[in-house]
Structures are given as C-alpha cells and as structure tokens.
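Peer 1: Below you'll find the structure I mean.
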Amino acid sequence: MRSYCFREVVIYFVDGIAVHHYQPATPNGKPPIVMVHGGMHAAWAWDQYGQFLAEKGWDCHALDWYNHGQSTALPEADFIKRSHTDLHREILAVSRQFPAFHLMSHSMGALATLISSTLLNPESLTLFAPVVPAAVGADPVPMEVDLTQLFPVPPFEVAKGMFFSTMTDAEAQTYYAKLQPESSQAVWESARRNVPVNLAAVRAPTLAVAAGADTLTPPPDIKKLANMMDATYLEYPGIGHCELLMKASAWQQVATDVETWLSKL
C-alpha cells in the first residue's frame with residue numbers, strides 16, 4: 001500500500017482570491033479538490049479536511065470568498081447584494097487552473113457549487129450540509145434579514161445553535177471568534193430556499209452529507225435533494241451543521257467516509 005503524508009499549506013492568490021493549498025508530500029495522481037466554504041466562514045473551515053486529505057495524497061485548494069479571509073474586499077454596497085450565483089466568479093477562477101478537478105463545499109458554499117456545476121464539469125461534487133435549491137421545496141428558515149445592511153454575526157448563543165450545536169462552549173468559541181459578517185442577499189436566499197438550479201444539468205457524481213442534529217439545513221431536505229440528483233447520501237447522527245467539518249470527536253469519521261467515496265470514483 002502506498003504511503004502518503006501532508007507536506008505543507010501555502011497561500012496563493014488568483015484574481016484577488018486567497019487560496020489555501022494543502023500539498024501532499026506524494027500526490028496520488030488524481031485531480032485536485034477545490035474546496036468552497038460556507039457563509040460567515042472562510043477557508044479555515046477546511047483546515048482539518050485539507051490536511052487529512054493531503055495525507056491521503058489529495059491536492060487540496062480551499063478558497064476564501066471575496067470579502068472573506070484574506071481575499072480582496074469588495075465595496076460594502078456590492079458585498080451586501082452578492083448572491084449565491086455571484087460566487088461562480090471565485091469557483092471558476094480557482095478551478096480553471098486545472099484540466100480536471102473535484103468540487104467540495106459546505107452550506108451556502110454548497111448551493112453555490114451546485115450552481116457552478118451546471119456550468120462546469122467537475123469530476124465529482126461533495127455537498128456538506130447544503131442549502132438546498134428551490135426545486136426541493138424546503139420550508140423557509142424564520143430569520144429576519146435587512147437587505148440594506150450586512151448580515152451581522154449573531155450572538156454566541158444563537159451562532160452556537162446554528163453552527164456548533166453539540167460542541168462544548170469552549171470548542172465552539174474557538175470557531176465563533178473567526179466568524180464574520182455576511183452578504184444579506186445571500187443570507188436571505190439561504191433562508192428563503194428560493195434559488196433556482198437546473199439539477200438536470202449537474203452530471204458529476206454527487207455525495208450529499210447531512211448532520212443529524214442540524215436545524216439550519218435539516219437532513220430530510222438534503223436527503224430529498226440527494227434523491228432528486230440520484231446522489232449518494234450519508235447522514236451522521238448527533239452532530240450539527242459545521243461539526244461535520246470541525247467537531248473534534250466527529251469530523252475524522254466523516255472525512256474518512258468521504259475520502260473512501262472519492263477514492264472509488
């Protein structure tokens with residue numbers, strides 16, 4: 001059996017987009033993985049997965065959306081109005097470096113990559129706790145959104161319930177401190193579940209991953225999306241929305257199952 005290890009992470013820039021490159025010491029020869037984070041987050045959300053997958057030989061490139069992490073900041077008036085469809089700009093800029101690539105994404109970023117996958121031809125699409133498109137018919141999330149202002153980071157107790165619901169307060173605080181304000185347009189679209197996507201145009205093998213304790217993107221909605229796409233569906237009980245990627249006692253099992261699925265393609 002071939003042995004791999006993680007070499008290092010470096011940050012490079014494409015069109016003002018910061019990309020965190022998790023480099024395997026010995027590449028496995030498969031197309032790289034482009035990773036797209038969710039709302040209020042940045043590429044740091046993929047840090048554990050990037051290292052884990054690089055140790056398996058995968059070449060991983062986790063991008064920061066504009067106005068997130070170390071990427072270029074847009075004028076606030078433009079950022080407020082940024083839609084999920086606008087994130088295609090970042091996904092295209094990073095992915096077009098490669099003749100072939102896999103897409104991996106979380107939450108609002110998963111909806112954006114679903115849209116991009118109708119235009120691009122990724123080798124595969126992995127959706128963690130995705131915000132589902134309008135075709136699923138999911139119930140809206142009761143959330144007040146002022147479309148004239150940036151959507152602020154909620155108080156800790158609210159954010160913990162949304163993102164880190166089964167973490168200890170201490171573990172959740174580590175990630176809460178990294179959250180940042182978000183486009184109110186994108187949050188409004190997420191809450192209303194009203195973004196149209198031509199699912200028939202997505203031809204890539206797809207894996208949809210749900211968290212059993214997730215109230216933000218409930219598993220039944222994700223399972224319905226998976227069925228509509230003839231996708232593989234995995235559900236992990238007892239963890240929340242962002243804990244698929246981050247919870248110390250849970251993420252590695254999820255990552256192992258995802259890597260097993262990817263390696264069989």
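How things are named: the first chain in the structure tokens is A, the next is B, and so on; residues count from 1 in each chain; ligands count from 1 in the order shown.
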Taking only residues of region 123-152 of chain A that have an atom at most 12 Å from an atom of region 82-87 of chain A, what is each one's shortest atom pair and its distance in Å to one decimal, using only C-alpha atoms, in chain and number order, as a tab-separated table?

Peer 2:
residue	atom	partner	partner_atom	distance
A:Val131	CA	A:His84	CA	10.4
A:Val132	CA	A:His84	CA	11.7
A:Pro133	CA	A:His84	CA	10.6
A:Leu147	CA	A:Arg82	CA	10.6
A:Thr148	CA	A:Arg82	CA	11.9
A:Gln149	CA	A:Arg82	CA	11.9
A:Leu150	CA	A:Arg82	CA	10.5
A:Phe151	CA	A:Arg82	CA	11.7

Peer 1: Keeping N, CA, C and O atoms, export the residues of the selection given above as a JSON list (two decimals), in the first residue's frame.

Peer 2:
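Final output, saved to result.json:
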[["chain", "number", "residue", "atom", "x", "y", "z"],
["A", 131, "VAL", "N", -27.27, 24.18, 1.66],
["A", 131, "VAL", "CA", -28.51, 24.93, 1.49],
["A", 131, "VAL", "C", -29.14, 24.43, 0.21],
["A", 131, "VAL", "O", -28.50, 24.41, -0.85],
["A", 132, "VAL", "N", -30.38, 23.97, 0.28],
["A", 132, "VAL", "CA", -30.99, 23.31, -0.89],
["A", 132, "VAL", "C", -31.62, 24.33, -1.83],
["A", 132, "VAL", "O", -32.06, 25.40, -1.40],
["A", 133, "PRO", "N", -31.68, 24.01, -3.12],
["A", 133, "PRO", "CA", -32.28, 24.92, -4.09],
["A", 133, "PRO", "C", -33.80, 24.89, -4.03],
["A", 133, "PRO", "O", -34.41, 24.05, -3.35],
["A", 147, "LEU", "N", -32.01, 43.75, 4.05],
["A", 147, "LEU", "CA", -31.29, 43.71, 2.77],
["A", 147, "LEU", "C", -30.52, 44.98, 2.48],
["A", 147, "LEU", "O", -29.83, 45.06, 1.46],
["A", 148, "THR", "N", -30.58, 45.96, 3.37],
["A", 148, "THR", "CA", -29.82, 47.20, 3.17],
["A", 148, "THR", "C", -28.53, 47.23, 3.99],
["A", 148, "THR", "O", -27.75, 48.17, 3.87],
["A", 149, "GLN", "N", -28.31, 46.22, 4.83],
["A", 149, "GLN", "CA", -27.16, 46.18, 5.71],
["A", 149, "GLN", "C", -26.47, 44.82, 5.63],
["A", 149, "GLN", "O", -27.10, 43.83, 5.26],
["A", 150, "LEU", "N", -25.18, 44.77, 5.98],
["A", 150, "LEU", "CA", -24.52, 43.48, 6.12],
["A", 150, "LEU", "C", -25.24, 42.65, 7.18],
["A", 150, "LEU", "O", -25.72, 43.21, 8.18],
["A", 151, "PHE", "N", -25.30, 41.35, 6.98],
["A", 151, "PHE", "CA", -25.88, 40.48, 7.99],
["A", 151, "PHE", "C", -24.82, 40.26, 9.07],
["A", 151, "PHE", "O", -23.75, 39.71, 8.80]]

Peer 1: I'd like the neighbourhood of Ile222 (chain A) as a PyMOL selection string, where a residue qualifies if any of its atoms comes within 7 Å (using only C-alpha atoms), though same-chain residues fewer than 4 positions away should be ignored.

Peer 2: chain A and resi 130+132+208+210+218+226

Peer 1: Kindly export the residues of the current selection with C-alpha atoms, as a PDB file, in the first residue's frame.

Peer 2:
ATOM      1  CA  PRO A 130     -26.013  22.114   1.660  1.00  0.00           C
ATOM      2  CA  VAL A 132     -30.986  23.315  -0.887  1.00  0.00           C
ATOM      3  CA  ALA A 208     -24.644  14.716  -0.101  1.00  0.00           C
ATOM      4  CA  ALA A 210     -26.108  15.637   6.380  1.00  0.00           C
ATOM      5  CA  PRO A 218     -32.271  19.621   8.069  1.00  0.00           C
ATOM      6  CA  ALA A 226     -29.896  13.571  -2.988  1.00  0.00           C
TER       7      ALA A 226
END

Peer 1: If we count only C-alpha atoms and set the cut-off at 8 Å, which residues sit around Asp221 (chain A), ignoring sequence neighbours fewer than 2 positions away in its own chain? Please answer as a PyMOL selection string.

Peer 2: chain A and resi 132+136+138+217-219+223-225

Peer 1: List the spatial neighbours of Ala255 (chain A) as a PyMOL selection string - criterion: any atom at most 9 Å away, only C-alpha atoms, same-chain residues fewer than 6 positions off excluded.

Peer 2: chain A and resi 49+52-53+244-245

Peer 1: Counting only C-alpha atoms, which of A:Phe98, A:Tyr236, A:Trp188, A:Tyr175 gets nearest to Ala250 (chain A)?

Peer 2: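 The answer is A:Tyr236, which sits nearest to Ala250 (chain A).
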
Peer 1: Taking 4 positions as the minimum chain separation for residues in the same chain, which residues sit within 6 Å of His102 (chain A) when counting only C-alpha atoms? Answer as a PyMOL selection string.

Peer 2: chain A and resi 33+122-124

Peer 1: Restricted to N, CA, C and O atoms, what would the selected residues look like written as a PDB file, in the first residue's frame?

Peer 2:
ATOM      1  N   ILE A  33      -8.735  18.804  -5.469  1.00  0.00           N
ATOM      2  CA  ILE A  33     -10.033  19.135  -4.869  1.00  0.00           C
ATOM      3  C   ILE A  33     -10.081  20.637  -4.623  1.00  0.00           C
ATOM      4  O   ILE A  33      -9.204  21.195  -3.956  1.00  0.00           O
ATOM      5  N   PRO A 122     -17.103  19.239 -13.136  1.00  0.00           N
ATOM      6  CA  PRO A 122     -16.209  18.662 -12.132  1.00  0.00           C
ATOM      7  C   PRO A 122     -16.228  17.141 -12.178  1.00  0.00           C
ATOM      8  O   PRO A 122     -17.186  16.526 -12.643  1.00  0.00           O
ATOM      9  N   GLU A 123     -15.137  16.539 -11.689  1.00  0.00           N
ATOM     10  CA  GLU A 123     -15.077  15.075 -11.606  1.00  0.00           C
ATOM     11  C   GLU A 123     -16.070  14.531 -10.589  1.00  0.00           C
ATOM     12  O   GLU A 123     -16.586  13.421 -10.743  1.00  0.00           O
ATOM     13  N   SER A 124     -16.329  15.333  -9.540  1.00  0.00           N
ATOM     14  CA  SER A 124     -17.328  14.947  -8.540  1.00  0.00           C
ATOM     15  C   SER A 124     -17.752  16.186  -7.788  1.00  0.00           C
ATOM     16  O   SER A 124     -17.115  17.250  -7.869  1.00  0.00           O
TER      17      SER A 124
END

Peer 1: Which residues, written as a PyMOL selection string, have at least one atom at most 12 Å from Glu144 (chain A), with only C-alpha atoms counted and residues fewer than 5 positions away on the same chain left out?

Peer 2: chain A and resi 149+151-152+154+184-185+187-192

Peer 1: Those selected residues, please, written with C-alpha atoms and delivered as a PDB file, in the first residue's frame.

Peer 2:
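Output file again-v1.pdb follows:
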ATOM      1  CA  GLN A 149     -27.161  46.182   5.711  1.00  0.00           C
ATOM      2  CA  PHE A 151     -25.882  40.481   7.991  1.00  0.00           C
ATOM      3  CA  PRO A 152     -24.059  40.600  11.349  1.00  0.00           C
ATOM      4  CA  PRO A 154     -25.211  36.587  15.679  1.00  0.00           C
ATOM      5  CA  SER A 184     -27.542  39.939   3.411  1.00  0.00           C
ATOM      6  CA  GLN A 185     -28.710  38.951  -0.081  1.00  0.00           C
ATOM      7  CA  VAL A 187     -28.402  35.006   3.717  1.00  0.00           C
ATOM      8  CA  TRP A 188     -31.896  35.976   2.550  1.00  0.00           C
ATOM      9  CA  GLU A 189     -31.674  33.484  -0.336  1.00  0.00           C
ATOM     10  CA  SER A 190     -30.484  30.781   2.057  1.00  0.00           C
ATOM     11  CA  ALA A 191     -33.307  31.420   4.500  1.00  0.00           C
ATOM     12  CA  ARG A 192     -35.986  31.526   1.788  1.00  0.00           C
TER      13      ARG A 192
END

Peer 1: Which neighbours of region 20-31 of chain A fall inside 12 Å, counting only C-alpha atoms, when residues of the same chain fewer than 4 positions from it are skipped, and could you give them as a PyMOL selection string?

Peer 2: chain A and resi 1-14+35-37+42-65+69-71+94-95+97-103+122-124+262-265

Peer 1: Would you mind writing down, as number ranges by chain, each residue of region 43-76 of chain A that DSSP on the backbone assigns to alpha helix (DSSP H)?

Peer 2: A: 47-55, 76

Peer 1: From a DSSP calculation on the backbone, collect every residue of region 7-72 of chain A in strand (DSSP E or B) and output the set as an MDAnalysis selection string.

Peer 2: chainID A and resid 7:14 17:24 33:36 60:63
